[in-house]
Amino acid sequence: MSTSTPHVPSVRRLLVVCAHPYDATFALGGVIAAFAATGSSIRVLCFTHGRRPDPGHRRHFARASELSSAARTLGVDDVVLLDFPAGHLAAINLTILTKHVVAAATGAEAILTVEATGRDAHPDHLRAMHVAFRTAIRQRLPLYARTVAARRGAGLNHVPIRDVDRSRQNAAIAHHHDLPAEDALARWRMTHRHEESLVLLSLGQAGRSAGVVAVRSHTTGST
């Protein structure tokens, strides 16, 4: 039996900004579930339908349906799925992307995204983080970013860790049936057991970085 004790900032309304549908579950799922467990109302904005181009939009409906189901499992209240080209967010005008996030951030008290400061970060993740940062500054909102213990040497400030289990995240991941078997993410569920952390990338008004909260994900008797 799994137990969960989320220790995340108190946020009544949270906007999650991600580049790909899988980011909301594989990367951010454990943290989103932790916020939901505290009573946060959560909206997810996703810029694309996948990490790679989808010629003819053959997989668009499946990915939209899977994200919707996965988000409900995590406790998300609303999903905004946009249709920008996968793998090419860096080519999209930053102002255009920011307008979408600002509109979605109406009523939000904080923003959550994937930390993408590393050299191996996906270009789409870097763009999504950049847009989230611009929005946080403009709307004067704190910006949280999810990272892993392996990234602690990147100059990010972390604070004491609290335990959070992965059972709800795994249930959400199970909704992604359209993920190609050869995709590296398909093996994530069995191999990814990193310690997860939250860092504060922006305080909103000041825009300076500071460590706030960290959560360690673990599983007790779940798969």
# chains A, B, ... in the order shown; residues from 1 in each chain; ligands from 1

$ closest_atom_pairs --of "region 61-172 of chain A" --to "region 8-15 of chain A" --cutoff "8 Å" --atoms "only C-alpha atoms" --output "tab-separated table"
residue	atom	partner	partner_atom	distance
A:Ala104	CA	A:Leu15	CA	7.4
A:Ala105	CA	A:Leu15	CA	6.1
A:Gly107	CA	A:Arg13	CA	6.9
A:Ala108	CA	A:Arg13	CA	4.8
A:Glu109	CA	A:Arg13	CA	5.5
A:Ala110	CA	A:Leu14	CA	5.2
A:Ile111	CA	A:Leu15	CA	4.8
A:Leu112	CA	A:Leu15	CA	6.2

$ write_last_selection --atoms "N, CA and C atoms" --output "PDB file, in the first residue's frame"
ATOM      1  N   ALA A 104      -3.512  31.989 -19.832  1.00  0.00           N
ATOM      2  CA  ALA A 104      -3.812  30.812 -19.011  1.00  0.00           C
ATOM      3  C   ALA A 104      -3.536  31.071 -17.538  1.00  0.00           C
ATOM      4  N   ALA A 105      -2.680  32.050 -17.242  1.00  0.00           N
ATOM      5  CA  ALA A 105      -2.281  32.331 -15.859  1.00  0.00           C
ATOM      6  C   ALA A 105      -3.285  33.201 -15.114  1.00  0.00           C
ATOM      7  N   GLY A 107      -5.700  34.383 -12.681  1.00  0.00           N
ATOM      8  CA  GLY A 107      -6.125  33.834 -11.398  1.00  0.00           C
ATOM      9  C   GLY A 107      -5.104  32.947 -10.718  1.00  0.00           C
ATOM     10  N   ALA A 108      -4.019  32.611 -11.412  1.00  0.00           N
ATOM     11  CA  ALA A 108      -3.000  31.733 -10.828  1.00  0.00           C
ATOM     12  C   ALA A 108      -2.196  32.454  -9.760  1.00  0.00           C
ATOM     13  N   GLU A 109      -1.726  31.697  -8.781  1.00  0.00           N
ATOM     14  CA  GLU A 109      -0.884  32.241  -7.722  1.00  0.00           C
ATOM     15  C   GLU A 109       0.571  31.816  -7.870  1.00  0.00           C
ATOM     16  N   ALA A 110       0.835  30.850  -8.753  1.00  0.00           N
ATOM     17  CA  ALA A 110       2.198  30.372  -8.975  1.00  0.00           C
ATOM     18  C   ALA A 110       2.232  29.593 -10.280  1.00  0.00           C
ATOM     19  N   ILE A 111       3.438  29.411 -10.805  1.00  0.00           N
ATOM     20  CA  ILE A 111       3.655  28.656 -12.037  1.00  0.00           C
ATOM     21  C   ILE A 111       4.660  27.539 -11.762  1.00  0.00           C
ATOM     22  N   LEU A 112       4.446  26.397 -12.376  1.00  0.00           N
ATOM     23  CA  LEU A 112       5.350  25.249 -12.265  1.00  0.00           C
ATOM     24  C   LEU A 112       5.787  24.830 -13.657  1.00  0.00           C
TER      25      LEU A 112
END

$ residues_around --residues "region 125-128 of chain A" --least-positions-apart "3" --cutoff "12 Å" --atoms "only C-alpha atoms" --output "NGL selection string"
:A and (16-24 or 27 or 45-48 or 50-51 or 84 or 86-95 or 97-98 or 100-101 or 111-122 or 131-135 or 145-146)

$ closest_residue --among "A:Tyr144, A:Ala64, A:His175, A:Val76" --to "Ala33 (chain A)" --atoms "only C-alpha atoms"
A:Val76

$ closest_residue --among "A:Phe61, A:Val80, A:Ser68, A:Leu74" --to "Phe35 (chain A)" --atoms "only C-alpha atoms"
A:Leu74

$ atom_distance --atom1 "CA of Ala62 (chain A)" --atom2 "CA of Asp77 (chain A)"
19.5 Å

$ atom_distance --atom1 "CA of Ser65 (chain A)" --atom2 "CA of Arg168 (chain A)"
18.2 Å

$ closest_residue --among "A:Asp124, A:Thr38, A:Ser69, A:Leu28" --to "His176 (chain A)" --atoms "only C-alpha atoms"
A:Ser69

$ atom_distance --atom1 "CA of Ile137 (chain A)" --atom2 "CA of Ile42 (chain A)"
19.7 Å

$ closest_residue --among "A:Ile32, A:Met129, A:Leu203, A:Ala174" --to "Gly75 (chain A)" --atoms "only C-alpha atoms"
A:Ile32
